[in-house]
Amino acid sequence: MKKLFVMLTCVLLAGSVLTGCGGDSSVGENGEVFVYNWGEYIDEETIEMFEKETGIDVIYDEYETNEIMYPRVAAGASTYDVICPSDYMIQKMIDNDLLQELNFDHMPNALANIGSQYYEQARGFDPENRYCVPYCWGTVGILYNTSMVDEPVTSWSILWDEKYDDNILMQDSVRDAFMVALKLNGYSMNTLDRDELETAKNSLIEQAPLVQALVIDQVRDKMIGGEAALGVIYSGEAIYTQRENPNLEYVIPEEGTNVWIDGWVIPKNAANVENAEKFIDFMCRGDIALMNFEYITYSTPNVAAQALIEDEDIRNSEIAFPDLSQYQNLETFIYLGEDGDALYNQLWKEVKSAYE
Amino acid sequence: MNKKLLSVPYLFWSALFIIIPLCMVFYYGLTDKNGAFTLSNIAAIATPEHSKALWSAIRLSLISTVICLLLAYPLAMILNGMKTGHDSLTVLIFILPMWMNFLLRTMAWQTLLEKTGVINGILSFFHLQNLSIINTPNAVILGMVYNFLPFMVLPIYNVLTKIDQSVINAARDLGANEVQTFLKVILPLSIPGMVSGITMVFVPALTTFVISNILGGGKILLIGNVIEQEFTQTNNWNLGSGLSIVLMLFIIFNMVISAVTDKEGEVNVL
């Protein structure tokens, strides 16, 4: 009898623990969809609109870098239905058989509204456009505060200028940090050449004493608040920061930079594929994409949304929609394979160890 | 028999969230990517980056522990001298910050210490020299001391309240002055509290990665940061677990010392 009681307690406990994770009573009438997106990368009102229009409950999680997202999805710790990784990470997920092919017949908006040039650009990592629907794109450049920087900013090398000691913000993510150093030295940001990477590593170590902080999302608030003179930033953040602090200017350095695309993908183990397709298609609607663009200010590849932008300055903005043909050495990240990743990570650790 | 039954939920809890994860850490730490046995994840502590991170963690947490001890002991004596009970307002004031989320309190320090932050705003208003400790090891020490100070105060306060007043009176009767009474009677009797406080400050300070990340501007790589990055960014759980095992040795060492000193289980926090 006592044994039975113990077992019963265990079963009850286990039951409550397990069901505790799986969302509670408020399941939407048409099921649910688990979305995993970058932090502050959507106008949350669009999620509510989606829930209201479709009756599908959205369970929304956020991540800060591709590298944080990947292990969670790869380990199967949590199953998501829609994720929004960047170019090289999409390629890595394709290579590791984590994504399923999209059925564009179920997503008419994705076909009609996303500009063909963006699908073309996405072929760099998704050769036949079978796995991803572009959501945002942009460049990486230098954001500088004109009240602290007098000279014209044209090159990555200004981030190595001792005048700006303790006034420089760098990105705290391996590929972005190495992109800057590799471009500075005139190399490809997808290189696997040992010597080139060593040179880039030494450049970063040389720069270390000048760097105020390694940041990801905080670069925005710090630049707005005037904490630093120069910061490496994603173009989408630049428009937002300029709205808050008119002294800030964004520039794409002459040595070239990263042109990136983030896109919606559906992982292979998704449980709610149909709802995921509905979610992606909804996000590709012109009015919804416009809402998201105005909220997050990252360039949208949605031509229907682009046409709806009322503010002419924004519609013709060099930051939001740059004419890429006038820049040289633009590249998109590609996945470097497991050994390539390990090499970059090792070098990055050596760099990080040199900061203090 | 009935009493044993009451422990079932706890046993279940500790098996699920302590024993099983610990076994997994040892499994990952002692195997490579293909699941073959290896000691290389543990030996990896010897590489320059890892040992540097370990030593900075030990250095910063030792400094923080010493500062905590120096601040907490007089504080505990004052609290004890006030002869108030455990539920007094003064004690509450020391525990109160712990009711707020630890992450928020640390973020608040970031805002306070920033170049254009609150403290520097006040300092420049009075035309005083600006403070520039944000993103340095000193800011991390400040964060550690601030966050872990209550864990040092409370155990010391606890043993001090338990010292029998008649022992102190006896010392006085036998001609000891204030200093002698403190050095020969109060201090030795409070050692268990100090040891327990040291453990409770040193261990979390040694393993933290949040404080160093937030107040160190991502530039201060402690062993906790390395392990965190192996799990969340680099996706090398084997190396992360191997380094965790090394860190566990330091913690166990510390615990053993504390257990030996606190044989009688006198120190009961909160």
# chains A, B, ... in the order shown; residues from 1 in each chain; ligands from 1

$ residues_around --residues "region 40-45 of chain B" --least-positions-apart "3" --cutoff "6 Å" --atoms "only C-alpha atoms" --output "PDB file with N, CA and C atoms, in the first residue's frame"
ATOM      1  N   HIS B  50      42.051  29.501 -20.919  1.00  0.00           N
ATOM      2  CA  HIS B  50      41.243  28.948 -19.830  1.00  0.00           C
ATOM      3  C   HIS B  50      41.880  29.194 -18.476  1.00  0.00           C
ATOM      4  N   SER B  51      43.201  29.000 -18.384  1.00  0.00           N
ATOM      5  CA  SER B  51      43.804  29.190 -17.070  1.00  0.00           C
ATOM      6  C   SER B  51      43.784  30.663 -16.688  1.00  0.00           C
ATOM      7  N   LEU B 239      33.448  20.301 -23.747  1.00  0.00           N
ATOM      8  CA  LEU B 239      34.448  21.183 -23.153  1.00  0.00           C
ATOM      9  C   LEU B 239      33.840  21.951 -21.985  1.00  0.00           C
ATOM     10  N   GLY B 242      33.657  19.667 -19.080  1.00  0.00           N
ATOM     11  CA  GLY B 242      34.997  19.381 -18.561  1.00  0.00           C
ATOM     12  C   GLY B 242      35.491  20.512 -17.683  1.00  0.00           C
ATOM     13  N   LEU B 243      35.302  21.742 -18.142  1.00  0.00           N
ATOM     14  CA  LEU B 243      35.737  22.899 -17.348  1.00  0.00           C
ATOM     15  C   LEU B 243      34.887  23.032 -16.081  1.00  0.00           C
TER      16      LEU B 243
END

$ closest_atom_pairs --of "chain B" --to "chain A" --cutoff "8 Å" --atoms "only C-alpha atoms" --output "Markdown table"
| residue | atom | partner | partner_atom | distance |
| --- | --- | --- | --- | --- |
| B:Leu5 | CA | A:Val6 | CA | 7.4 |
| B:Val8 | CA | A:Val6 | CA | 7.4 |
| B:Pro9 | CA | A:Cys10 | CA | 7.7 |
| B:Phe12 | CA | A:Cys10 | CA | 7.3 |
| B:Glu49 | CA | A:Ser353 | CA | 5.7 |
| B:Lys52 | CA | A:Ser353 | CA | 7.5 |
| B:Ala53 | CA | A:Ser353 | CA | 7.4 |
| B:Glu114 | CA | A:Glu227 | CA | 7.5 |
| B:Lys115 | CA | A:Glu227 | CA | 6.0 |
| B:Thr116 | CA | A:Glu227 | CA | 6.0 |
| B:Asn135 | CA | A:Ala213 | CA | 6.6 |
| B:Thr136 | CA | A:Glu356 | CA | 7.7 |
| B:Pro137 | CA | A:Glu356 | CA | 7.9 |
| B:Gly216 | CA | A:Ala213 | CA | 7.7 |
| B:Gly217 | CA | A:Ala213 | CA | 4.4 |
| B:Gly218 | CA | A:Leu214 | CA | 5.0 |
| B:Lys219 | CA | A:Tyr355 | CA | 5.4 |
| B:Ile220 | CA | A:Glu356 | CA | 5.9 |
| B:Leu221 | CA | A:Ser353 | CA | 6.1 |
| B:Thr232 | CA | A:Ile68 | CA | 5.1 |
| B:Gln233 | CA | A:Glu67 | CA | 4.7 |
| B:Thr234 | CA | A:Asn345 | CA | 6.7 |
| B:Asn235 | CA | A:Pro71 | CA | 5.8 |

$ closest_residue --among "B:Val210, B:Val179, B:Leu6, B:Asn238" --to "Thr38 (chain B)" --atoms "only C-alpha atoms"
B:Asn238

$ residues_around --residues "Leu142 (chain B)" --least-positions-apart "3" --cutoff "10 Å" --atoms "only C-alpha atoms" --output "ChimeraX atom specification"
/B:60,64,67,106,109,133-134,137-139,145-147,211,215

$ write_last_selection --atoms "C-alpha atoms" --output "short mmCIF file (atom, residue, chain, number, x, y, z; two decimals), in the first residue's frame"
data_model
loop_
_atom_site.label_atom_id
_atom_site.label_comp_id
_atom_site.auth_asym_id
_atom_site.auth_seq_id
_atom_site.Cartn_x
_atom_site.Cartn_y
_atom_site.Cartn_z
CA LEU B 60 38.26 38.64 -8.32
CA SER B 64 35.35 40.28 -3.21
CA ILE B 67 35.98 42.96 1.11
CA THR B 106 23.08 44.38 -11.44
CA TRP B 109 24.60 49.32 -11.36
CA ILE B 133 35.19 51.93 -13.33
CA ILE B 134 32.46 50.53 -15.61
CA PRO B 137 37.49 44.34 -13.11
CA ASN B 138 36.76 46.85 -10.33
CA ALA B 139 33.17 47.16 -11.50
CA VAL B 145 30.38 42.59 -3.17
CA TYR B 146 27.04 44.29 -3.58
CA ASN B 147 25.21 41.11 -4.57
CA ILE B 211 27.99 40.04 -13.18
CA LEU B 215 29.44 45.18 -15.48
#

$ select_by_dssp --residues "region 20-124 of chain A" --states "strand (DSSP E or B)" --output "PyMOL selection string"
chain A and resi 32-38+57-63+82-83+86+99+114

$ atom_distance --atom1 "CA of Asp262 (chain A)" --atom2 "CA of Trp137 (chain A)"
6.1 Å

$ residues_around --residues "Met283 (chain A)" --least-positions-apart "4" --cutoff "12 Å" --atoms "only C-alpha atoms" --output "PyMOL selection string"
chain A and resi 42-47+49-50+82+84+107-110+113-114+133-136+263-264+276-279+287-293+300-302+304-305

$ residues_around --residues "region 86-102 of chain A" --least-positions-apart "3" --cutoff "9 Å" --atoms "only C-alpha atoms" --output "ChimeraX atom specification"
/A:66-67,70,73-74,105-107,122,124-126,129-133,260-263,265-270,277,332-337

$ atom_distance --atom1 "CA of Phe202 (chain B)" --atom2 "CA of Val153 (chain B)"
13.6 Å

$ residues_around --residues "Ile252 (chain A)" --least-positions-apart "2" --cutoff "9 Å" --atoms "only C-alpha atoms" --output "ChimeraX atom specification"
/A:139-142,154-156,235,250,254-257,319,327

$ write_last_selection --atoms "all heavy atoms" --output "tab-separated table (two decimals), in the first residue's frame"
chain	number	residue	atom	x	y	z
A	139	THR	N	22.96	45.93	-43.97
A	139	THR	CA	24.42	45.92	-44.00
A	139	THR	C	24.91	46.07	-42.56
A	139	THR	O	24.13	46.26	-41.64
A	139	THR	CB	24.95	47.10	-44.83
A	139	THR	OG1	24.41	48.31	-44.31
A	139	THR	CG2	24.57	46.97	-46.29
A	140	VAL	N	26.23	45.97	-42.39
A	140	VAL	CA	26.85	46.27	-41.10
A	140	VAL	C	27.80	47.43	-41.34
A	140	VAL	O	28.51	47.45	-42.34
A	140	VAL	CB	27.62	45.05	-40.55
A	140	VAL	CG1	28.31	45.40	-39.23
A	140	VAL	CG2	26.68	43.88	-40.35
A	141	GLY	N	27.79	48.42	-40.47
A	141	GLY	CA	28.66	49.57	-40.68
A	141	GLY	C	29.03	50.22	-39.37
A	141	GLY	O	28.86	49.65	-38.30
A	142	ILE	N	29.54	51.45	-39.50
A	142	ILE	CA	29.96	52.19	-38.31
A	142	ILE	C	28.94	53.28	-38.02
A	142	ILE	O	28.59	54.05	-38.91
A	142	ILE	CB	31.35	52.83	-38.52
A	142	ILE	CG1	32.40	51.75	-38.81
A	142	ILE	CG2	31.75	53.65	-37.30
A	142	ILE	CD1	33.75	52.33	-39.19
A	154	THR	N	35.30	56.91	-43.14
A	154	THR	CA	35.18	56.18	-44.39
A	154	THR	C	35.69	54.75	-44.27
A	154	THR	O	35.37	53.92	-45.12
A	154	THR	CB	36.01	56.85	-45.50
A	154	THR	OG1	37.35	56.96	-45.05
A	154	THR	CG2	35.46	58.24	-45.85
A	155	SER	N	36.47	54.47	-43.24
A	155	SER	CA	37.17	53.18	-43.22
A	155	SER	C	37.05	52.52	-41.86
A	155	SER	O	36.89	53.18	-40.82
A	155	SER	CB	38.65	53.44	-43.52
A	155	SER	OG	39.44	52.41	-43.00
A	156	TRP	N	37.14	51.19	-41.87
A	156	TRP	CA	37.14	50.44	-40.61
A	156	TRP	C	38.32	50.86	-39.74
A	156	TRP	O	38.31	50.69	-38.53
A	156	TRP	CB	37.24	48.94	-40.87
A	156	TRP	CG	36.02	48.30	-41.48
A	156	TRP	CD1	35.96	47.70	-42.71
A	156	TRP	CD2	34.72	48.16	-40.90
A	156	TRP	NE1	34.69	47.21	-42.93
A	156	TRP	CE2	33.91	47.47	-41.83
A	156	TRP	CE3	34.15	48.55	-39.69
A	156	TRP	CZ2	32.57	47.17	-41.59
A	156	TRP	CZ3	32.82	48.25	-39.45
A	156	TRP	CH2	32.05	47.57	-40.39
A	235	SER	N	22.60	47.96	-39.90
A	235	SER	CA	21.99	49.14	-40.51
A	235	SER	C	20.58	49.40	-39.99
A	235	SER	O	20.16	50.54	-39.86
A	235	SER	CB	21.96	48.97	-42.03
A	235	SER	OG	21.32	47.75	-42.37
A	250	TYR	N	25.47	57.02	-39.95
A	250	TYR	CA	25.83	55.64	-40.28
A	250	TYR	C	26.61	55.62	-41.58
A	250	TYR	O	26.28	56.34	-42.52
A	250	TYR	CB	24.56	54.81	-40.44
A	250	TYR	CG	24.80	53.38	-40.88
A	250	TYR	CD1	25.15	52.40	-39.95
A	250	TYR	CD2	24.66	53.01	-42.21
A	250	TYR	CE1	25.36	51.10	-40.34
A	250	TYR	CE2	24.87	51.69	-42.61
A	250	TYR	CZ	25.22	50.75	-41.67
A	250	TYR	OH	25.43	49.45	-42.05
A	254	GLU	N	34.62	51.75	-46.72
A	254	GLU	CA	35.02	51.53	-48.12
A	254	GLU	C	35.64	50.15	-48.35
A	254	GLU	O	35.66	49.67	-49.47
A	254	GLU	CB	36.02	52.62	-48.54
A	254	GLU	CG	37.30	52.59	-47.70
A	254	GLU	CD	38.13	53.87	-47.83
A	254	GLU	OE1	37.65	54.81	-48.48
A	254	GLU	OE2	39.24	53.89	-47.29
A	255	GLU	N	36.15	49.51	-47.27
A	255	GLU	CA	36.75	48.18	-47.47
A	255	GLU	C	35.71	47.11	-47.69
A	255	GLU	O	36.04	45.94	-47.87
A	255	GLU	CB	37.59	47.78	-46.25
A	255	GLU	CG	38.81	48.64	-46.00
A	255	GLU	CD	38.52	49.73	-44.98
A	255	GLU	OE1	37.33	50.02	-44.75
A	255	GLU	OE2	39.48	50.29	-44.43
A	256	GLY	N	34.42	47.49	-47.64
A	256	GLY	CA	33.37	46.51	-47.83
A	256	GLY	C	32.82	46.01	-46.51
A	256	GLY	O	33.37	46.28	-45.45
A	257	THR	N	31.71	45.30	-46.60
A	257	THR	CA	31.09	44.82	-45.37
A	257	THR	C	30.22	43.62	-45.66
A	257	THR	O	30.24	43.04	-46.74
A	257	THR	CB	30.29	45.94	-44.70
A	257	THR	OG1	29.87	45.50	-43.41
A	257	THR	CG2	29.05	46.30	-45.51
A	319	ILE	N	20.35	54.43	-45.92
A	319	ILE	CA	20.62	53.42	-44.89
A	319	ILE	C	19.66	52.25	-45.02
A	319	ILE	O	20.06	51.09	-45.00
A	319	ILE	CB	20.49	54.05	-43.48
A	319	ILE	CG1	21.43	55.24	-43.34
A	319	ILE	CG2	20.77	53.00	-42.42
A	319	ILE	CD1	21.26	55.99	-42.04
A	327	TYR	N	28.99	50.07	-53.81
A	327	TYR	CA	29.96	49.65	-52.80
A	327	TYR	C	30.75	48.46	-53.30
A	327	TYR	O	30.26	47.67	-54.10
A	327	TYR	CB	29.25	49.28	-51.49
A	327	TYR	CG	28.51	50.43	-50.87
A	327	TYR	CD1	27.15	50.59	-51.08
A	327	TYR	CD2	29.18	51.37	-50.10
A	327	TYR	CE1	26.46	51.66	-50.53
A	327	TYR	CE2	28.51	52.45	-49.55
A	327	TYR	CZ	27.15	52.58	-49.76
A	327	TYR	OH	26.48	53.63	-49.22

$ select_by_dssp --residues "region 85-183 of chain B" --states "alpha helix (DSSP H)" --output "MDAnalysis selection string"
chainID B and resid 89:95 102:113 118:125 137:162 165:173 178:181
